[in-house]
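Okay, protein.pdb now, which holds PDB, C-alpha atoms:
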```pdb
ATOM      1  CA  MET A  27     151.290 220.274 253.643
ATOM      2  CA  ARG A  28     148.383 218.866 255.553
ATOM      3  CA  MET A  29     145.550 216.623 254.498
ATOM      4  CA  SER A  30     142.010 217.497 255.599
ATOM      5  CA  GLU A  31     141.063 215.706 258.813
ATOM      6  CA  GLY A  32     137.897 214.657 256.991
ATOM      7  CA  VAL A  33     140.025 212.031 255.239
ATOM      8  CA  GLU A  34     140.726 210.273 258.533
ATOM      9  CA  TRP A  35     137.045 210.445 259.470
ATOM     10  CA  ALA A  36     135.868 209.160 256.089
ATOM     11  CA  LEU A  37     138.260 206.202 256.152
ATOM     12  CA  HIS A  38     137.107 205.128 259.611
ATOM     13  CA  CYS A  39     133.428 205.653 258.774
ATOM     14  CA  ALA A  40     133.693 203.697 255.510
ATOM     15  CA  THR A  41     135.291 200.852 257.474
ATOM     16  CA  VAL A  42     132.313 200.835 259.851
ATOM     17  CA  LEU A  43     129.779 201.018 256.998
ATOM     18  CA  ALA A  44     131.464 198.001 255.389
ATOM     19  CA  LEU A  45     130.443 195.974 258.457
ATOM     20  CA  LEU A  46     126.705 196.748 258.225
ATOM     21  CA  PRO A  47     124.432 193.780 257.574
ATOM     22  CA  GLU A  48     122.872 193.824 254.109
ATOM     23  CA  GLY A  49     119.713 195.903 253.952
ATOM     24  CA  THR A  50     120.650 198.230 256.793
ATOM     25  CA  THR A  51     121.993 201.787 256.989
ATOM     26  CA  LEU A  52     123.485 204.017 259.639
ATOM     27  CA  PRO A  53     122.813 207.770 260.072
ATOM     28  CA  ALA A  54     125.872 210.016 259.839
ATOM     29  CA  ALA A  55     125.000 211.391 263.281
ATOM     30  CA  ARG A  56     125.482 207.894 264.767
ATOM     31  CA  LEU A  57     128.837 207.564 263.011
ATOM     32  CA  ALA A  58     129.796 210.941 264.485
ATOM     33  CA  GLU A  59     128.829 209.632 267.927
ATOM     34  CA  PHE A  60     130.765 206.403 267.375
ATOM     35  CA  HIS A  61     133.974 208.361 266.733
ATOM     36  CA  GLU A  62     133.157 211.481 268.812
ATOM     37  CA  LEU A  63     133.293 213.733 265.759
ATOM     38  CA  PRO A  64     131.516 217.073 265.151
ATOM     39  CA  PRO A  65     128.261 215.988 263.422
ATOM     40  CA  ALA A  66     127.929 219.061 261.186
ATOM     41  CA  TYR A  67     131.444 218.672 259.773
ATOM     42  CA  LEU A  68     131.020 214.945 259.344
ATOM     43  CA  ALA A  69     127.773 215.592 257.443
ATOM     44  CA  LYS A  70     129.785 217.668 254.959
ATOM     45  CA  VAL A  71     132.260 214.838 254.520
ATOM     46  CA  PHE A  72     129.336 212.510 253.777
ATOM     47  CA  GLN A  73     128.073 214.926 251.135
ATOM     48  CA  GLN A  74     131.483 214.668 249.467
ATOM     49  CA  LEU A  75     131.452 210.870 249.693
ATOM     50  CA  THR A  76     127.924 210.797 248.251
ATOM     51  CA  ARG A  77     128.895 213.007 245.312
ATOM     52  CA  ALA A  78     131.815 210.664 244.601
ATOM     53  CA  GLY A  79     129.515 207.628 244.593
ATOM     54  CA  ILE A  80     131.235 206.044 247.605
ATOM     55  CA  VAL A  81     128.244 206.110 249.975
ATOM     56  CA  ALA A  82     124.519 206.389 249.337
ATOM     57  CA  ALA A  83     121.783 207.646 251.643
ATOM     58  CA  THR A  84     118.323 206.333 252.301
ATOM     59  CA  PRO A  85     116.377 209.569 252.733
ATOM     60  CA  GLY A  86     113.983 210.473 255.499
ATOM     61  CA  ARG A  87     113.802 210.538 259.248
ATOM     62  CA  HIS A  88     114.677 206.879 259.489
ATOM     63  CA  GLY A  89     117.288 207.072 256.743
ATOM     64  CA  GLY A  90     120.965 206.496 256.928
ATOM     65  CA  TYR A  91     124.074 205.759 254.941
ATOM     66  CA  ARG A  92     125.483 202.605 253.406
ATOM     67  CA  LEU A  93     128.409 202.033 251.041
ATOM     68  CA  ALA A  94     127.287 202.624 247.451
ATOM     69  CA  LYS A  95     129.378 199.716 246.185
ATOM     70  CA  PRO A  96     131.168 196.688 247.599
ATOM     71  CA  ALA A  97     134.007 197.449 250.027
ATOM     72  CA  THR A  98     136.344 195.517 247.725
ATOM     73  CA  GLU A  99     135.696 198.103 244.995
ATOM     74  CA  ILE A 100     136.368 201.268 246.997
ATOM     75  CA  THR A 101     140.026 202.187 247.382
ATOM     76  CA  VAL A 102     141.635 204.452 249.937
ATOM     77  CA  LEU A 103     142.581 206.711 247.020
ATOM     78  CA  ASP A 104     138.899 207.047 246.033
ATOM     79  CA  ILE A 105     138.128 208.323 249.533
ATOM     80  CA  VAL A 106     141.135 210.653 249.720
ATOM     81  CA  LEU A 107     140.271 212.275 246.377
ATOM     82  CA  ALA A 108     136.573 212.540 247.288
ATOM     83  CA  VAL A 109     137.291 214.367 250.538
ATOM     84  CA  ASP A 110     140.518 216.221 249.850
ATOM     85  CA  GLY A 111     139.954 216.998 246.173
ATOM     86  CA  ASP A 112     141.907 215.719 243.212
ATOM     87  CA  GLU A 113     144.195 218.677 242.674
ATOM     88  CA  THR A 114     147.880 217.913 242.971
ATOM     89  CA  ALA A 115     149.636 219.044 246.159
ATOM     90  CA  PHE A 116     152.381 220.666 244.094
ATOM     91  CA  ARG A 117     151.052 223.513 241.927
ATOM     92  CA  CYS A 118     153.314 224.737 239.160
ATOM     93  CA  THR A 119     153.076 228.485 238.625
ATOM     94  CA  GLU A 120     155.497 228.423 235.673
ATOM     95  CA  ILE A 121     158.083 230.689 237.246
ATOM     96  CA  ARG A 122     160.552 229.456 234.614
ATOM     97  CA  ARG A 123     158.707 231.701 232.127
ATOM     98  CA  ARG A 124     159.305 234.901 234.049
ATOM     99  CA  GLY A 125     162.048 237.414 234.623
ATOM    100  CA  PRO A 126     165.064 238.565 232.601
ATOM    101  CA  ALA A 127     165.597 235.185 230.890
ATOM    102  CA  LYS A 128     162.017 235.031 229.622
ATOM    103  CA  VAL A 129     161.568 234.058 225.978
ATOM    104  CA  ALA A 130     158.463 233.631 223.827
ATOM    105  CA  ASP A 131     156.015 230.951 224.984
ATOM    106  CA  ARG A 132     156.707 228.719 221.973
ATOM    107  CA  HIS A 133     160.255 228.089 223.252
ATOM    108  CA  TYR A 134     159.082 226.270 226.404
ATOM    109  CA  THR A 135     158.306 222.588 226.744
ATOM    110  CA  PRO A 136     154.661 222.127 227.734
ATOM    111  CA  ARG A 137     155.617 220.796 231.153
ATOM    112  CA  CYS A 138     158.365 222.161 233.396
ATOM    113  CA  GLY A 139     160.829 219.412 234.369
ATOM    114  CA  ILE A 140     160.702 220.411 238.014
ATOM    115  CA  ALA A 141     156.905 220.107 238.106
ATOM    116  CA  ALA A 142     157.142 216.759 236.302
ATOM    117  CA  THR A 143     159.461 215.465 239.056
ATOM    118  CA  MET A 144     157.050 216.595 241.757
ATOM    119  CA  TRP A 145     154.022 215.081 240.034
ATOM    120  CA  ARG A 146     155.834 211.766 239.458
ATOM    121  CA  ALA A 147     156.169 211.477 243.243
ATOM    122  CA  GLU A 148     152.477 212.257 243.692
ATOM    123  CA  GLU A 149     151.680 209.501 241.213
ATOM    124  CA  ALA A 150     153.676 207.052 243.390
ATOM    125  CA  TRP A 151     151.666 208.211 246.406
ATOM    126  CA  ARG A 152     148.367 207.764 244.581
ATOM    127  CA  ALA A 153     149.384 204.352 243.261
ATOM    128  CA  GLU A 154     150.132 203.211 246.790
ATOM    129  CA  LEU A 155     146.768 204.494 248.082
ATOM    130  CA  ALA A 156     144.974 202.754 245.218
ATOM    131  CA  LYS A 157     146.400 199.408 246.339
ATOM    132  CA  THR A 158     144.322 199.301 249.537
ATOM    133  CA  THR A 159     140.543 198.858 249.534
ATOM    134  CA  VAL A 160     138.023 199.537 252.286
ATOM    135  CA  MET A 161     137.752 195.763 252.642
ATOM    136  CA  ASP A 162     141.506 195.635 253.364
ATOM    137  CA  LEU A 163     140.977 198.263 256.077
ATOM    138  CA  VAL A 164     138.191 196.129 257.563
ATOM    139  CA  VAL A 165     140.497 193.104 257.690
ATOM    140  CA  THR A 166     143.368 195.093 259.220
ATOM    141  CA  THR A 167     141.075 196.711 261.776
ATOM    142  CA  ALA A 168     139.519 193.372 262.727
ATOM    143  CA  GLN A 169     142.961 191.805 263.133
ATOM    144  CA  GLN A 170     144.255 194.705 265.208
ATOM    145  CA  ALA A 171     141.307 195.443 267.465
ATOM    146  CA  SER A 172     140.993 193.744 270.826
ATOM    147  CA  PRO A 173     138.057 191.297 271.136
ATOM    148  CA  LYS A 174     136.623 193.522 273.846
ATOM    149  CA  ALA A 175     136.575 196.611 271.606
ATOM    150  CA  LEU A 176     135.084 194.623 268.730
ATOM    151  CA  GLU A 177     132.319 193.314 270.960
ATOM    152  CA  LYS A 178     131.517 196.736 272.419
ATOM    153  CA  GLY A 179     131.474 198.240 268.927
ATOM    154  CA  ALA A 180     129.267 195.504 267.489
ATOM    155  CA  VAL A 181     126.723 195.739 270.309
ATOM    156  CA  TRP A 182     126.519 199.525 270.046
ATOM    157  CA  LEU A 183     126.229 199.516 266.249
ATOM    158  CA  ALA A 184     123.559 196.797 266.269
ATOM    159  CA  GLY A 185     121.357 199.127 268.293
ATOM    160  CA  GLN A 186     121.716 201.985 265.778
ATOM    161  CA  LEU A 187     120.991 200.257 262.477
ATOM    162  CA  ARG A 188     118.182 201.460 260.232
ATOM    163  CA  PRO A 189     116.453 199.492 257.517
ATOM    164  CA  GLY A 190     117.708 200.531 254.114
ATOM    165  CA  THR A 191     118.142 199.489 250.549
ATOM    166  CA  ALA A 192     120.474 196.543 250.189
ATOM    167  CA  PRO A 193     123.829 197.414 248.596
ATOM    168  CA  GLN A 194     123.380 197.305 244.779
ATOM    169  CA  GLY A 195     120.881 194.396 244.529
TER     170      GLY A 195
ATOM    171  CA  MET B  23     146.183 219.321 250.399
ATOM    172  CA  ARG B  24     148.509 221.920 249.028
ATOM    173  CA  MET B  25     152.252 222.233 249.210
ATOM    174  CA  SER B  26     153.759 225.609 250.073
ATOM    175  CA  GLU B  27     154.617 227.607 246.945
ATOM    176  CA  GLY B  28     158.040 228.133 248.523
ATOM    177  CA  VAL B  29     158.862 224.575 247.450
ATOM    178  CA  GLU B  30     158.545 225.515 243.778
ATOM    179  CA  TRP B  31     160.666 228.636 244.339
ATOM    180  CA  ALA B  32     163.346 226.739 246.267
ATOM    181  CA  LEU B  33     163.669 224.031 243.616
ATOM    182  CA  HIS B  34     164.109 226.587 240.844
ATOM    183  CA  CYS B  35     166.542 228.696 242.892
ATOM    184  CA  ALA B  36     168.637 225.663 243.864
ATOM    185  CA  THR B  37     168.844 224.742 240.185
ATOM    186  CA  VAL B  38     170.166 228.226 239.391
ATOM    187  CA  LEU B  39     172.656 228.163 242.296
ATOM    188  CA  ALA B  40     173.980 224.831 241.007
ATOM    189  CA  LEU B  41     175.105 226.679 237.867
ATOM    190  CA  LEU B  42     177.224 229.300 239.655
ATOM    191  CA  PRO B  43     180.948 229.225 238.954
ATOM    192  CA  GLU B  44     183.014 228.100 241.915
ATOM    193  CA  GLY B  45     183.837 230.898 244.297
ATOM    194  CA  THR B  46     180.794 232.989 243.464
ATOM    195  CA  THR B  47     177.454 233.617 245.167
ATOM    196  CA  LEU B  48     174.157 235.211 244.264
ATOM    197  CA  PRO B  49     171.986 237.395 246.548
ATOM    198  CA  ALA B  50     168.475 236.090 247.219
ATOM    199  CA  ALA B  51     167.124 239.410 245.921
ATOM    200  CA  ARG B  52     168.656 238.665 242.511
ATOM    201  CA  LEU B  53     167.134 235.197 242.512
ATOM    202  CA  ALA B  54     163.778 236.821 243.322
ATOM    203  CA  GLU B  55     164.268 239.134 240.356
ATOM    204  CA  PHE B  56     165.265 236.264 238.091
ATOM    205  CA  HIS B  57     161.956 234.474 238.811
ATOM    206  CA  GLU B  58     159.806 237.565 239.572
ATOM    207  CA  LEU B  59     159.141 236.390 243.131
ATOM    208  CA  PRO B  60     158.337 238.491 246.222
ATOM    209  CA  PRO B  61     161.804 239.139 247.757
ATOM    210  CA  ALA B  62     160.648 239.122 251.399
ATOM    211  CA  TYR B  63     158.943 235.735 251.071
ATOM    212  CA  LEU B  64     161.844 234.282 249.141
ATOM    213  CA  ALA B  65     164.203 235.493 251.890
ATOM    214  CA  LYS B  66     162.202 233.376 254.353
ATOM    215  CA  VAL B  67     162.523 230.345 252.113
ATOM    216  CA  PHE B  68     166.288 230.912 252.046
ATOM    217  CA  GLN B  69     166.340 231.007 255.847
ATOM    218  CA  GLN B  70     164.712 227.578 255.822
ATOM    219  CA  LEU B  71     167.183 226.255 253.245
ATOM    220  CA  THR B  72     170.070 227.649 255.290
ATOM    221  CA  ARG B  73     168.840 225.993 258.489
ATOM    222  CA  ALA B  74     168.597 222.688 256.605
ATOM    223  CA  GLY B  75     172.202 223.001 255.377
ATOM    224  CA  ILE B  76     171.167 223.181 251.722
ATOM    225  CA  VAL B  77     172.442 226.700 251.003
ATOM    226  CA  ALA B  78     175.000 228.874 252.760
ATOM    227  CA  ALA B  79     175.335 232.646 252.772
ATOM    228  CA  THR B  80     178.363 234.873 252.520
ATOM    229  CA  PRO B  81     177.403 237.682 254.893
ATOM    230  CA  GLY B  82     177.608 241.392 254.232
ATOM    231  CA  ARG B  83     176.558 243.933 251.664
ATOM    232  CA  HIS B  84     178.318 242.062 248.886
ATOM    233  CA  GLY B  85     177.244 238.674 250.175
ATOM    234  CA  GLY B  86     175.053 236.099 248.543
ATOM    235  CA  TYR B  87     174.019 232.490 248.527
ATOM    236  CA  ARG B  88     175.598 229.339 247.173
ATOM    237  CA  LEU B  89     174.722 225.678 247.584
ATOM    238  CA  ALA B  90     176.179 224.376 250.846
ATOM    239  CA  LYS B  91     177.067 221.033 249.260
ATOM    240  CA  PRO B  92     177.424 219.557 245.785
ATOM    241  CA  ALA B  93     174.245 219.527 243.682
ATOM    242  CA  THR B  94     174.615 215.756 243.363
ATOM    243  CA  GLU B  95     174.176 215.463 247.136
ATOM    244  CA  ILE B  96     170.999 217.519 247.540
ATOM    245  CA  THR B  97     167.782 215.700 246.734
ATOM    246  CA  VAL B  98     164.409 217.160 245.879
ATOM    247  CA  LEU B  99     163.145 215.537 249.096
ATOM    248  CA  ASP B 100     165.731 217.501 251.131
ATOM    249  CA  ILE B 101     164.363 220.736 249.703
ATOM    250  CA  VAL B 102     160.703 219.770 250.135
ATOM    251  CA  LEU B 103     161.242 218.852 253.794
ATOM    252  CA  ALA B 104     163.307 221.981 254.450
ATOM    253  CA  VAL B 105     160.611 224.307 253.097
ATOM    254  CA  ASP B 106     157.378 222.454 253.789
ATOM    255  CA  GLY B 107     158.363 220.793 257.070
ATOM    256  CA  ASP B 108     158.803 217.101 257.739
ATOM    257  CA  GLU B 109     155.418 216.400 259.324
ATOM    258  CA  THR B 110     153.324 213.847 257.496
ATOM    259  CA  ALA B 111     150.400 215.174 255.437
ATOM    260  CA  PHE B 112     148.070 212.659 257.096
ATOM    261  CA  ARG B 113     147.758 213.276 260.849
ATOM    262  CA  CYS B 114     146.246 210.488 262.897
ATOM    263  CA  THR B 115     144.079 211.777 265.739
ATOM    264  CA  GLU B 116     143.354 208.268 267.050
ATOM    265  CA  ILE B 117     139.599 208.455 266.590
ATOM    266  CA  ARG B 118     139.522 204.656 266.936
ATOM    267  CA  ARG B 119     140.071 205.170 270.686
ATOM    268  CA  ARG B 120     136.947 207.251 271.206
ATOM    269  CA  GLY B 121     133.221 206.777 271.585
ATOM    270  CA  PRO B 122     131.038 203.923 272.791
ATOM    271  CA  ALA B 123     133.431 201.156 271.686
ATOM    272  CA  LYS B 124     136.361 202.664 273.591
ATOM    273  CA  VAL B 125     138.441 200.264 275.695
ATOM    274  CA  ALA B 126     141.504 200.769 277.883
ATOM    275  CA  ASP B 127     144.601 202.063 276.081
ATOM    276  CA  ARG B 128     146.517 198.817 276.582
ATOM    277  CA  HIS B 129     144.128 197.035 274.194
ATOM    278  CA  TYR B 130     145.160 199.113 271.177
ATOM    279  CA  THR B 131     148.012 198.410 268.792
ATOM    280  CA  PRO B 132     150.513 201.285 268.919
ATOM    281  CA  ARG B 133     149.699 202.319 265.355
ATOM    282  CA  CYS B 134     146.236 202.450 263.806
ATOM    283  CA  GLY B 135     146.080 200.344 260.617
ATOM    284  CA  ILE B 136     144.390 203.157 258.711
ATOM    285  CA  ALA B 137     147.163 205.611 259.608
ATOM    286  CA  ALA B 138     149.774 202.987 258.667
ATOM    287  CA  THR B 139     148.218 202.696 255.195
ATOM    288  CA  MET B 140     148.290 206.455 254.737
ATOM    289  CA  TRP B 141     151.890 206.766 255.900
ATOM    290  CA  ARG B 142     153.026 203.910 253.649
ATOM    291  CA  ALA B 143     151.838 205.979 250.692
ATOM    292  CA  GLU B 144     153.708 209.024 251.984
ATOM    293  CA  GLU B 145     156.840 206.906 252.212
ATOM    294  CA  ALA B 146     156.433 206.009 248.517
ATOM    295  CA  TRP B 147     156.121 209.718 247.736
ATOM    296  CA  ARG B 148     159.235 210.568 249.752
ATOM    297  CA  ALA B 149     161.197 207.701 248.192
ATOM    298  CA  GLU B 150     160.369 209.026 244.735
ATOM    299  CA  LEU B 151     161.433 212.585 245.664
ATOM    300  CA  ALA B 152     164.671 211.259 247.129
ATOM    301  CA  LYS B 153     165.599 209.715 243.765
ATOM    302  CA  THR B 154     166.101 213.090 242.069
ATOM    303  CA  THR B 155     168.978 215.424 242.933
ATOM    304  CA  VAL B 156     169.413 219.113 242.182
ATOM    305  CA  MET B 157     172.005 218.042 239.604
ATOM    306  CA  ASP B 158     169.308 215.963 237.874
ATOM    307  CA  LEU B 159     167.100 219.078 237.785
ATOM    308  CA  VAL B 160     169.972 221.041 236.231
ATOM    309  CA  VAL B 161     170.364 218.412 233.515
ATOM    310  CA  THR B 162     166.603 218.260 232.816
ATOM    311  CA  THR B 163     166.326 222.044 232.742
ATOM    312  CA  ALA B 164     169.311 222.379 230.410
ATOM    313  CA  GLN B 165     167.880 219.748 228.065
ATOM    314  CA  GLN B 166     164.434 221.341 228.057
ATOM    315  CA  ALA B 167     165.288 225.027 227.826
ATOM    316  CA  SER B 168     165.610 226.711 224.483
ATOM    317  CA  PRO B 169     169.161 227.878 223.575
ATOM    318  CA  LYS B 170     167.841 231.438 223.529
ATOM    319  CA  ALA B 171     166.488 231.240 227.100
ATOM    320  CA  LEU B 172     169.714 229.604 228.323
ATOM    321  CA  GLU B 173     171.793 232.366 226.748
ATOM    322  CA  LYS B 174     169.627 235.164 228.138
ATOM    323  CA  GLY B 175     169.712 233.550 231.588
ATOM    324  CA  ALA B 176     173.476 233.019 231.529
ATOM    325  CA  VAL B 177     174.202 236.597 230.466
ATOM    326  CA  TRP B 178     171.928 238.052 233.112
ATOM    327  CA  LEU B 179     173.265 235.812 235.871
ATOM    328  CA  ALA B 180     176.887 236.520 234.958
ATOM    329  CA  GLY B 181     176.234 240.187 235.678
ATOM    330  CA  GLN B 182     174.866 239.468 239.158
ATOM    331  CA  LEU B 183     177.501 237.169 240.637
ATOM    332  CA  ARG B 184     179.292 238.061 243.873
ATOM    333  CA  PRO B 185     182.607 236.734 245.048
ATOM    334  CA  GLY B 186     182.076 234.128 247.758
ATOM    335  CA  THR B 187     183.551 231.136 249.485
ATOM    336  CA  ALA B 188     184.023 228.211 247.148
ATOM    337  CA  PRO B 189     181.612 225.318 247.765
ATOM    338  CA  GLN B 190     183.030 223.201 250.608
ATOM    339  CA  GLY B 191     186.754 223.735 249.978
TER     340      GLY B 191
END
```
Here is a file; write its structure as structure tokens.
Amino acid sequence: MRMSEGVEWALHCATVLALLPEGTTLPAARLAEFHELPPAYLAKVFQQLTRAGIVAATPGRHGGYRLAKPATEITVLDIVLAVDGDETAFRCTEIRRRGPAKVADRHYTPRCGIAATMWRAEEAWRAELAKTTVMDLVVTTAQQASPKALEKGAVWLAGQLRPGTAPQG
Amino acid sequence: MRMSEGVEWALHCATVLALLPEGTTLPAARLAEFHELPPAYLAKVFQQLTRAGIVAATPGRHGGYRLAKPATEITVLDIVLAVDGDETAFRCTEIRRRGPAKVADRHYTPRCGIAATMWRAEEAWRAELAKTTVMDLVVTTAQQASPKALEKGAVWLAGQLRPGTAPQG
């Protein structure tokens, strides 16, 4: 079981976007450069984040991305589901209803007990991911990063900003 | 993110093996028949379960499988890790250490805060899976199944049993 690597990219990029001054945006290509990621694949991840209402783009040659809502209102779970899809990792194929012990459909409970156990664990995983917001990631990152890395990052990013619509008014 | 379908098969098969009378075994091919599963793929799943010490085989033409320890001592997590591997679903590729803000390795915390958040959620998922044993699945299945399905299953299974070593003495 492996999560799409786009999840890692999206979490780091959202953390960077949360640091943008109001009224500015950043092109996805610059975010790709910042993390040394393949720009075409990262662009696809940004399409997914846009569809999910997590980021918004200012169109045009001078356009770029910003968070579509405050970083305190975007959870890690929102990003994981946007990029990796919201299907459960465990897929029940109802094998209990097959073979020599098969009986008519009306004799089965709607949900197999084994699947229910697996999905309960996925709910615990989702609940944990929903506890952390992008703003929490910003705080953790800022606390962890060395002053030198923060300064280098800030200087580089400041040179890449584009004017853009301010986050929701 | 999708879990191997072998996990579903293994959980159902372990639940059936937990019902075998002491001193009997069941060939994997019969378990495949019982659930209408591809025998060759199921045989691979049984190799994984054997390596993990969850099932044990009586060799030979009349051989078969049994649980290698009591059903109360095998958790759903044991089976998931045996079949799907114990790597985390989220893989951190350390993208924080790349690009224009990169600094020397000694300036980074050993673990990226974003990866730590993701792995904390996986721990919650594993903890939940570790709460349920194969015996719990047997109880749930027995409570859920219709008397007719239980009877058909028991009759069919009784005809397929092989003599085998009793579960751990």
Test item: chain B residues at most 7 Å from chain A, counting only C-alpha atoms, as a count of residues only: 40
Point-to-point distance in Å for CA of Leu71 in chain B and CA of Leu103 in chain B: 9.5 Å
d(CA of Ala82 in chain A, CA of Pro53 in chain A) in Å: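 Interatomic distance here is 11.0 Å.
One finds CA of Pro96 in chain A at 14.1 Å from CA of Thr51 in chain A.
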Long-range neighbours of Pro81 in chain B as a ChimeraX atom specification, 12 Å cut-off, only C-alpha atoms, 2 positions minimum in chain: /B:47-50,78-79,83-88,184-187
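This file, queried with the PyMOL selection byres ((chain B and resi 94) around 6), gives the residues Pro92, Ala93, Glu95, Ile96, Thr155 and Met157 of chain B.
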